[in-house]
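A.B. asks: Next comes protein-v2.cif, mmCIF, C-alpha atoms; chains and numbers go by the auth columns:
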```cif
data_target
#
loop_
_atom_site.group_PDB
_atom_site.id
_atom_site.type_symbol
_atom_site.label_atom_id
_atom_site.label_comp_id
_atom_site.label_asym_id
_atom_site.label_seq_id
_atom_site.Cartn_x
_atom_site.Cartn_y
_atom_site.Cartn_z
_atom_site.B_iso_or_equiv
_atom_site.auth_seq_id
_atom_site.auth_asym_id
ATOM 1 C CA MET A 1 -18.733 -12.402 17.109 0.00 1 A
ATOM 2 C CA VAL A 2 -17.535 -14.119 13.980 0.00 2 A
ATOM 3 C CA SER A 3 -20.226 -14.591 11.330 0.00 3 A
ATOM 4 C CA TYR A 4 -20.591 -15.956 7.810 0.00 4 A
ATOM 5 C CA LYS A 5 -22.785 -14.653 5.008 0.00 5 A
ATOM 6 C CA VAL A 6 -24.647 -17.444 3.213 0.00 6 A
ATOM 7 C CA THR A 7 -25.138 -16.518 -0.435 0.00 7 A
ATOM 8 C CA ARG A 8 -28.370 -17.365 -2.222 0.00 8 A
ATOM 9 C CA ALA A 9 -27.931 -19.593 -5.266 0.00 9 A
ATOM 10 C CA THR A 10 -29.572 -18.258 -8.399 0.00 10 A
ATOM 11 C CA GLY A 11 -29.247 -21.444 -10.440 0.00 11 A
ATOM 12 C CA THR A 12 -28.315 -25.110 -10.259 0.00 12 A
ATOM 13 C CA VAL A 13 -25.601 -25.867 -7.697 0.00 13 A
ATOM 14 C CA GLU A 14 -22.986 -28.355 -8.912 0.00 14 A
ATOM 15 C CA LEU A 15 -21.715 -29.905 -5.702 0.00 15 A
ATOM 16 C CA GLY A 16 -18.229 -30.741 -6.975 0.00 16 A
ATOM 17 C CA SER A 17 -17.455 -27.262 -8.341 0.00 17 A
ATOM 18 C CA TRP A 18 -15.637 -25.588 -5.451 0.00 18 A
ATOM 19 C CA ASP A 19 -14.712 -22.420 -7.365 0.00 19 A
ATOM 20 C CA LYS A 20 -17.006 -22.539 -10.399 0.00 20 A
ATOM 21 C CA GLY A 21 -20.644 -21.834 -11.153 0.00 21 A
ATOM 22 C CA GLN A 22 -22.764 -20.843 -8.173 0.00 22 A
ATOM 23 C CA TRP A 23 -19.860 -21.437 -5.787 0.00 23 A
ATOM 24 C CA GLN A 24 -17.940 -18.478 -7.218 0.00 24 A
ATOM 25 C CA SER A 25 -20.178 -16.102 -5.265 0.00 25 A
ATOM 26 C CA ALA A 26 -19.635 -17.900 -1.932 0.00 26 A
ATOM 27 C CA LYS A 27 -16.757 -16.664 0.217 0.00 27 A
ATOM 28 C CA PRO A 28 -14.774 -19.451 1.913 0.00 28 A
ATOM 29 C CA LEU A 29 -14.426 -19.570 5.683 0.00 29 A
ATOM 30 C CA ASP A 30 -11.276 -20.918 7.339 0.00 30 A
ATOM 31 C CA ILE A 31 -11.320 -23.759 9.847 0.00 31 A
ATOM 32 C CA ALA A 32 -7.968 -22.962 11.386 0.00 32 A
ATOM 33 C CA LEU A 33 -8.206 -22.669 15.185 0.00 33 A
ATOM 34 C CA PHE A 34 -6.861 -25.723 16.989 0.00 34 A
ATOM 35 C CA MET A 35 -8.137 -27.281 20.216 0.00 35 A
ATOM 36 C CA GLY A 36 -5.808 -28.836 22.775 0.00 36 A
ATOM 37 C CA ALA A 37 -2.056 -28.909 22.110 0.00 37 A
ATOM 38 C CA LYS A 38 -0.935 -27.532 18.772 0.00 38 A
ATOM 39 C CA PRO A 39 -0.908 -30.471 16.345 0.00 39 A
ATOM 40 C CA GLU A 40 2.014 -31.360 14.108 0.00 40 A
ATOM 41 C CA HIS A 41 -0.322 -31.397 11.117 0.00 41 A
ATOM 42 C CA ILE A 42 -2.779 -28.549 10.538 0.00 42 A
ATOM 43 C CA PRO A 43 -4.413 -29.125 7.140 0.00 43 A
ATOM 44 C CA ARG A 44 -5.681 -26.018 5.388 0.00 44 A
ATOM 45 C CA THR A 45 -9.446 -26.465 5.629 0.00 45 A
ATOM 46 C CA GLN A 46 -12.131 -24.220 4.169 0.00 46 A
ATOM 47 C CA ALA A 47 -15.909 -24.384 3.843 0.00 47 A
ATOM 48 C CA LYS A 48 -18.548 -22.628 1.770 0.00 48 A
ATOM 49 C CA VAL A 49 -22.323 -22.482 2.196 0.00 49 A
ATOM 50 C CA LEU A 50 -25.098 -21.627 -0.282 0.00 50 A
ATOM 51 C CA TYR A 51 -28.876 -21.857 -0.053 0.00 51 A
ATOM 52 C CA ASP A 52 -32.068 -21.794 -2.079 0.00 52 A
ATOM 53 C CA ASP A 53 -35.753 -22.277 -1.264 0.00 53 A
ATOM 54 C CA GLN A 54 -35.390 -26.019 -0.681 0.00 54 A
ATOM 55 C CA ALA A 55 -31.921 -26.690 0.660 0.00 55 A
ATOM 56 C CA VAL A 56 -28.651 -25.613 2.198 0.00 56 A
ATOM 57 C CA TYR A 57 -25.486 -26.562 0.310 0.00 57 A
ATOM 58 C CA VAL A 58 -22.243 -27.130 2.211 0.00 58 A
ATOM 59 C CA ALA A 59 -18.814 -27.751 0.668 0.00 59 A
ATOM 60 C CA PHE A 60 -15.439 -28.408 2.290 0.00 60 A
ATOM 61 C CA ARG A 61 -11.988 -28.286 0.707 0.00 61 A
ATOM 62 C CA VAL A 62 -9.020 -29.752 2.591 0.00 62 A
ATOM 63 C CA GLU A 63 -5.312 -29.617 1.744 0.00 63 A
ATOM 64 C CA ASP A 64 -4.367 -32.671 3.745 0.00 64 A
ATOM 65 C CA ASN A 65 -1.870 -35.430 4.481 0.00 65 A
ATOM 66 C CA TYR A 66 -2.327 -38.732 6.327 0.00 66 A
ATOM 67 C CA VAL A 67 -5.776 -39.313 4.824 0.00 67 A
ATOM 68 C CA ARG A 68 -7.888 -42.208 6.102 0.00 68 A
ATOM 69 C CA ALA A 69 -11.502 -43.429 5.677 0.00 69 A
ATOM 70 C CA ILE A 70 -12.809 -46.675 7.165 0.00 70 A
ATOM 71 C CA ALA A 71 -16.057 -45.781 8.997 0.00 71 A
ATOM 72 C CA SER A 72 -19.508 -46.936 7.926 0.00 72 A
ATOM 73 C CA HIS A 73 -22.730 -44.893 7.764 0.00 73 A
ATOM 74 C CA GLN A 74 -23.574 -43.403 11.186 0.00 74 A
ATOM 75 C CA GLY A 75 -20.266 -44.776 12.486 0.00 75 A
ATOM 76 C CA SER A 76 -17.307 -42.965 14.049 0.00 76 A
ATOM 77 C CA VAL A 77 -16.365 -40.886 11.012 0.00 77 A
ATOM 78 C CA CYS A 78 -14.590 -38.461 13.366 0.00 78 A
ATOM 79 C CA ARG A 79 -11.805 -41.026 13.674 0.00 79 A
ATOM 80 C CA ASP A 80 -11.182 -40.701 9.921 0.00 80 A
ATOM 81 C CA SER A 81 -10.133 -37.627 7.947 0.00 81 A
ATOM 82 C CA CYS A 82 -13.337 -35.762 8.667 0.00 82 A
ATOM 83 C CA VAL A 83 -15.122 -32.419 8.346 0.00 83 A
ATOM 84 C CA GLU A 84 -18.129 -31.461 10.443 0.00 84 A
ATOM 85 C CA PHE A 85 -21.038 -29.007 10.420 0.00 85 A
ATOM 86 C CA PHE A 86 -22.761 -28.474 13.788 0.00 86 A
ATOM 87 C CA PHE A 87 -25.730 -26.127 13.663 0.00 87 A
ATOM 88 C CA ILE A 88 -28.996 -24.853 15.096 0.00 88 A
ATOM 89 C CA PRO A 89 -31.401 -24.009 12.211 0.00 89 A
ATOM 90 C CA SER A 90 -32.661 -20.937 14.061 0.00 90 A
ATOM 91 C CA GLN A 91 -31.482 -18.884 17.029 0.00 91 A
ATOM 92 C CA GLN A 92 -33.385 -21.003 19.572 0.00 92 A
ATOM 93 C CA LYS A 93 -30.488 -22.413 21.555 0.00 93 A
ATOM 94 C CA ASP A 94 -32.758 -24.476 23.809 0.00 94 A
ATOM 95 C CA LYS A 95 -34.270 -26.490 20.933 0.00 95 A
ATOM 96 C CA GLY A 96 -31.294 -28.733 20.231 0.00 96 A
ATOM 97 C CA TYR A 97 -28.695 -28.916 17.485 0.00 97 A
ATOM 98 C CA PHE A 98 -27.648 -31.067 14.544 0.00 98 A
ATOM 99 C CA ASN A 99 -24.206 -32.523 13.896 0.00 99 A
ATOM 100 C CA LEU A 100 -23.498 -33.636 10.344 0.00 100 A
ATOM 101 C CA GLU A 101 -20.060 -35.219 10.200 0.00 101 A
ATOM 102 C CA MET A 102 -18.552 -36.530 6.955 0.00 102 A
ATOM 103 C CA ASN A 103 -15.281 -38.263 6.215 0.00 103 A
ATOM 104 C CA CYS A 104 -13.239 -37.734 3.065 0.00 104 A
ATOM 105 C CA GLY A 105 -14.992 -40.662 1.376 0.00 105 A
ATOM 106 C CA GLY A 106 -18.452 -39.123 1.755 0.00 106 A
ATOM 107 C CA THR A 107 -19.598 -41.348 4.624 0.00 107 A
ATOM 108 C CA MET A 108 -21.687 -39.451 7.167 0.00 108 A
ATOM 109 C CA LEU A 109 -22.841 -39.439 10.728 0.00 109 A
ATOM 110 C CA PHE A 110 -25.934 -37.236 11.131 0.00 110 A
ATOM 111 C CA HIS A 111 -27.503 -36.767 14.568 0.00 111 A
ATOM 112 C CA PHE A 112 -29.863 -34.440 16.400 0.00 112 A
ATOM 113 C CA GLN A 113 -29.234 -33.686 20.074 0.00 113 A
ATOM 114 C CA LEU A 114 -31.247 -31.745 22.635 0.00 114 A
ATOM 115 C CA VAL A 115 -28.416 -31.946 25.185 0.00 115 A
ATOM 116 C CA PRO A 116 -24.725 -32.229 24.232 0.00 116 A
ATOM 117 C CA ARG A 117 -23.481 -35.837 24.296 0.00 117 A
ATOM 118 C CA GLN A 118 -26.738 -37.151 25.747 0.00 118 A
ATOM 119 C CA ALA A 119 -29.312 -39.290 23.931 0.00 119 A
ATOM 120 C CA ALA A 120 -28.235 -38.434 20.411 0.00 120 A
ATOM 121 C CA ILE A 121 -30.961 -39.178 17.853 0.00 121 A
ATOM 122 C CA PRO A 122 -29.635 -40.562 14.558 0.00 122 A
ATOM 123 C CA ILE A 123 -31.354 -39.050 11.539 0.00 123 A
ATOM 124 C CA SER A 124 -33.314 -41.874 9.900 0.00 124 A
ATOM 125 C CA ASP A 125 -31.775 -43.739 6.979 0.00 125 A
ATOM 126 C CA ASP A 126 -34.702 -42.791 4.745 0.00 126 A
ATOM 127 C CA LEU A 127 -34.042 -39.103 5.398 0.00 127 A
ATOM 128 C CA CYS A 128 -30.269 -39.452 5.035 0.00 128 A
ATOM 129 C CA LYS A 129 -30.817 -40.923 1.576 0.00 129 A
ATOM 130 C CA LYS A 130 -32.394 -37.607 0.557 0.00 130 A
ATOM 131 C CA ILE A 131 -29.077 -35.827 1.108 0.00 131 A
ATOM 132 C CA GLU A 132 -27.142 -35.583 -2.142 0.00 132 A
ATOM 133 C CA VAL A 133 -23.421 -36.114 -1.480 0.00 133 A
ATOM 134 C CA TYR A 134 -20.318 -35.426 -3.567 0.00 134 A
ATOM 135 C CA HIS A 135 -16.889 -36.847 -2.750 0.00 135 A
ATOM 136 C CA GLN A 136 -13.694 -37.162 -4.783 0.00 136 A
ATOM 137 C CA LEU A 137 -11.927 -39.907 -2.862 0.00 137 A
ATOM 138 C CA PRO A 138 -12.965 -43.571 -2.448 0.00 138 A
ATOM 139 C CA GLU A 139 -15.314 -44.488 0.386 0.00 139 A
ATOM 140 C CA LYS A 140 -12.608 -46.650 1.973 0.00 140 A
ATOM 141 C CA ILE A 141 -8.962 -45.603 2.340 0.00 141 A
ATOM 142 C CA ASP A 142 -6.802 -47.974 4.379 0.00 142 A
ATOM 143 C CA PRO A 143 -3.874 -47.751 4.855 0.00 143 A
ATOM 144 C CA GLU A 144 -3.889 -43.983 5.029 0.00 144 A
ATOM 145 C CA ILE A 145 -2.532 -41.846 2.208 0.00 145 A
ATOM 146 C CA ALA A 146 0.634 -40.272 3.600 0.00 146 A
ATOM 147 C CA GLN A 147 1.433 -37.825 0.800 0.00 147 A
ATOM 148 C CA PRO A 148 -0.172 -34.405 0.220 0.00 148 A
ATOM 149 C CA THR A 149 -3.783 -34.882 -0.898 0.00 149 A
ATOM 150 C CA THR A 150 -6.400 -32.229 -1.563 0.00 150 A
ATOM 151 C CA TRP A 151 -9.974 -33.457 -1.186 0.00 151 A
ATOM 152 C CA ILE A 152 -13.471 -32.034 -1.439 0.00 152 A
ATOM 153 C CA VAL A 153 -16.769 -33.217 -0.012 0.00 153 A
ATOM 154 C CA ALA A 154 -20.065 -31.402 -0.475 0.00 154 A
ATOM 155 C CA TYR A 155 -23.737 -32.057 0.070 0.00 155 A
ATOM 156 C CA LYS A 156 -27.211 -30.736 -0.568 0.00 156 A
ATOM 157 C CA LEU A 157 -29.167 -30.790 2.685 0.00 157 A
ATOM 158 C CA PRO A 158 -32.942 -30.420 2.232 0.00 158 A
ATOM 159 C CA VAL A 159 -34.411 -28.129 4.877 0.00 159 A
ATOM 160 C CA SER A 160 -37.455 -30.409 5.097 0.00 160 A
ATOM 161 C CA ILE A 161 -35.304 -33.060 6.846 0.00 161 A
ATOM 162 C CA LEU A 162 -34.516 -30.685 9.691 0.00 162 A
ATOM 163 C CA LYS A 163 -38.193 -29.933 10.308 0.00 163 A
ATOM 164 C CA GLU A 164 -38.736 -33.552 11.320 0.00 164 A
ATOM 165 C CA TYR A 165 -36.657 -32.915 14.454 0.00 165 A
ATOM 166 C CA ALA A 166 -36.528 -29.230 15.377 0.00 166 A
ATOM 167 C CA PRO A 167 -38.001 -25.776 14.731 0.00 167 A
ATOM 168 C CA VAL A 168 -36.483 -24.273 11.592 0.00 168 A
ATOM 169 C CA ALA A 169 -36.149 -20.667 10.519 0.00 169 A
ATOM 170 C CA ASP A 170 -36.510 -21.110 6.753 0.00 170 A
ATOM 171 C CA PRO A 171 -33.481 -19.659 4.947 0.00 171 A
ATOM 172 C CA ALA A 172 -34.315 -16.221 3.562 0.00 172 A
ATOM 173 C CA PRO A 173 -32.644 -12.808 3.485 0.00 173 A
ATOM 174 C CA GLY A 174 -31.907 -11.647 7.032 0.00 174 A
ATOM 175 C CA VAL A 175 -32.551 -15.019 8.703 0.00 175 A
ATOM 176 C CA LYS A 176 -29.830 -16.217 11.073 0.00 176 A
ATOM 177 C CA TRP A 177 -28.776 -19.702 12.138 0.00 177 A
ATOM 178 C CA LEU A 178 -26.070 -20.657 14.652 0.00 178 A
ATOM 179 C CA ALA A 179 -23.214 -22.980 13.684 0.00 179 A
ATOM 180 C CA ASN A 180 -19.632 -24.066 13.868 0.00 180 A
ATOM 181 C CA PHE A 181 -17.451 -25.944 11.384 0.00 181 A
ATOM 182 C CA TYR A 182 -14.765 -28.443 12.321 0.00 182 A
ATOM 183 C CA LYS A 183 -11.941 -30.608 10.961 0.00 183 A
ATOM 184 C CA CYS A 184 -10.661 -33.654 12.809 0.00 184 A
ATOM 185 C CA ALA A 185 -8.852 -36.946 12.295 0.00 185 A
ATOM 186 C CA ASP A 186 -8.914 -38.640 15.676 0.00 186 A
ATOM 187 C CA ALA A 187 -7.413 -42.028 14.772 0.00 187 A
ATOM 188 C CA THR A 188 -5.034 -41.087 11.962 0.00 188 A
ATOM 189 C CA SER A 189 -1.273 -40.964 12.429 0.00 189 A
ATOM 190 C CA HIS A 190 -1.495 -37.165 12.850 0.00 190 A
ATOM 191 C CA PRO A 191 -4.670 -36.323 14.825 0.00 191 A
ATOM 192 C CA HIS A 192 -5.969 -32.760 15.069 0.00 192 A
ATOM 193 C CA TRP A 193 -9.089 -30.868 16.135 0.00 193 A
ATOM 194 C CA LEU A 194 -9.716 -27.608 14.271 0.00 194 A
ATOM 195 C CA THR A 195 -12.588 -25.121 14.514 0.00 195 A
ATOM 196 C CA TRP A 196 -13.970 -22.091 12.658 0.00 196 A
ATOM 197 C CA ALA A 197 -15.433 -20.222 15.643 0.00 197 A
ATOM 198 C CA LYS A 198 -13.360 -20.346 18.814 0.00 198 A
ATOM 199 C CA VAL A 199 -14.353 -22.950 21.398 0.00 199 A
ATOM 200 C CA ASN A 200 -13.317 -22.176 24.966 0.00 200 A
ATOM 201 C CA LYS A 201 -12.487 -25.684 26.123 0.00 201 A
ATOM 202 C CA PRO A 202 -9.066 -26.918 27.304 0.00 202 A
ATOM 203 C CA LYS A 203 -9.539 -30.282 25.596 0.00 203 A
ATOM 204 C CA PRO A 204 -11.054 -31.048 22.172 0.00 204 A
ATOM 205 C CA ASP A 205 -14.849 -30.978 22.321 0.00 205 A
ATOM 206 C CA PHE A 206 -17.064 -30.042 19.386 0.00 206 A
ATOM 207 C CA HIS A 207 -20.381 -30.418 21.232 0.00 207 A
ATOM 208 C CA VAL A 208 -20.366 -26.848 22.511 0.00 208 A
ATOM 209 C CA PRO A 209 -23.433 -25.020 21.120 0.00 209 A
ATOM 210 C CA GLU A 210 -22.731 -21.975 23.272 0.00 210 A
ATOM 211 C CA SER A 211 -19.692 -21.361 21.042 0.00 211 A
ATOM 212 C CA TYR A 212 -21.625 -21.375 17.768 0.00 212 A
ATOM 213 C CA ALA A 213 -21.385 -18.281 15.580 0.00 213 A
ATOM 214 C CA GLU A 214 -23.907 -16.788 13.163 0.00 214 A
ATOM 215 C CA LEU A 215 -24.793 -17.892 9.669 0.00 215 A
ATOM 216 C CA VAL A 216 -26.528 -14.899 8.101 0.00 216 A
ATOM 217 C CA PHE A 217 -28.583 -15.627 5.004 0.00 217 A
ATOM 218 C CA ASP A 218 -28.113 -12.963 2.346 0.00 218 A
#
```
As structure tokens, please, write out the structure in this file.

C.D. replies:
Amino acid sequence: MVSYKVTRATGTVELGSWDKGQWQSAKPLDIALFMGAKPEHIPRTQAKVLYDDQAVYVAFRVEDNYVRAIASHQGSVCRDSCVEFFFIPSQQKDKGYFNLEMNCGGTMLFHFQLVPRQAAIPISDDLCKKIEVYHQLPEKIDPEIAQPTTWIVAYKLPVSILKEYAPVADPAPGVKWLANFYKCADATSHPHWLTWAKVNKPKPDFHVPESYAELVFD
């Protein structure tokens, strides 16, 4: 099984510093497996994860083309140039999962689901406001940017938010969560559906918790 080691931050995490400061110690993972037919455009997509006593920090870096962002908060960001973190904050697969999806402009959809694609529970606006977000590009991009564009989004996700919805194994050395990372762009001129851990589905579907791999806190 594929796994990823989550490095503990020993100081302040600057969200926009992909390869500087605390992020230097975090190894990038590659979101490179495609779902469905092989797309014409496969943007190089990487993610990094850090943690401390209060939060998990997630950063994505995408070498992209055909970049678009029009969705609003809790809207269909998956139709834009989008990166996604689906996870169970423990190894209790029957307790539901979170999907935090973010387009290149930093707009998010954040849900909790007990059953895939059934009765999704949006994380409350008050709790979403506690998530610190970094993004390089404007919130709205329309028409899409057709030339090569590298973009980064990152966020600080307080663990306390997760405890409002599900059991949480507090990040600490040896603790394991289950997760997958995705890249998509459903309604751009060059759609694609990319994953970190392999998903055994013939058609694109990210709501597959049985395919999650391990995040191992160091």

A.B. asks: My list of candidates is A:Phe87, A:Tyr4, A:Trp193, A:Phe217. Which is closest to Asp170 in chain A when distances are computed with all atoms listed in the file?

C.D. replies: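 Of A:Phe87, A:Tyr4, A:Trp193, A:Phe217, the one nearest Asp170 in chain A, counting all atoms listed in the file, is A:Phe217.
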
A.B. asks: Measuring between only C-alpha atoms, which one of A:Pro28, A:Asp218, A:Ala55, A:Thr45 shows the shortest distance to Val175 in chain A?

C.D. replies: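 Among the listed residues, A:Asp218 lies closest to Val175 in chain A.
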
A.B. asks: Go through A:Ala71, A:Val115, A:Val83, A:Leu162 one by one, measure the shortest atom-to-atom distance of each to Val208 in chain A using all atoms listed in the file, and give the residue with the smallest value.

C.D. replies: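 Under the stated criterion, the closest residue is A:Val115.
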
A.B. asks: Could you give me, as a list in words, the residues within 8 Å of Phe112 in chain A, counting all atoms listed in the file and dropping anything in the same chain fewer than 6 positions from it?

C.D. replies: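 The residues satisfying every condition are Gly96, Tyr97, Phe98, Asn99, Ala120, Ile121, Pro122, Ile123 and Tyr165 of chain A.
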
A.B. asks: Between CA of Leu157 in chain A and CA of Val56 in chain A, what is the distance, to one decimal in Å?

C.D. replies: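 If I compute the distance from CA of Leu157 in chain A to CA of Val56 in chain A, I get 5.2 Å.
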
A.B. asks: Show me, as a PyMOL selection string, the residues that have an atom within 12 Å of range 146-152 of chain A when counting only C-alpha atoms, minus same-chain residues fewer than 3 positions from it.

C.D. replies: chain A and resi 15-19+41+43-48+58-68+81-83+102-106+133-138+141-143+155+188-190

A.B. asks: Between A:Glu139, A:Asp186, A:Glu132, A:Glu144, which has the minimum distance to Lys156 in chain A (counting all atoms listed in the file)?

C.D. replies: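 Closest residue, counting all atoms listed in the file: A:Glu132.
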
A.B. asks: With the PyMOL selection byres ((chain A and resi 195) around 7) as the selection, what would be picked from this file? Answer as a VMD selection string, please.

C.D. replies: chain A and resid 31 to 34 181 to 183 193 to 194 196 to 198
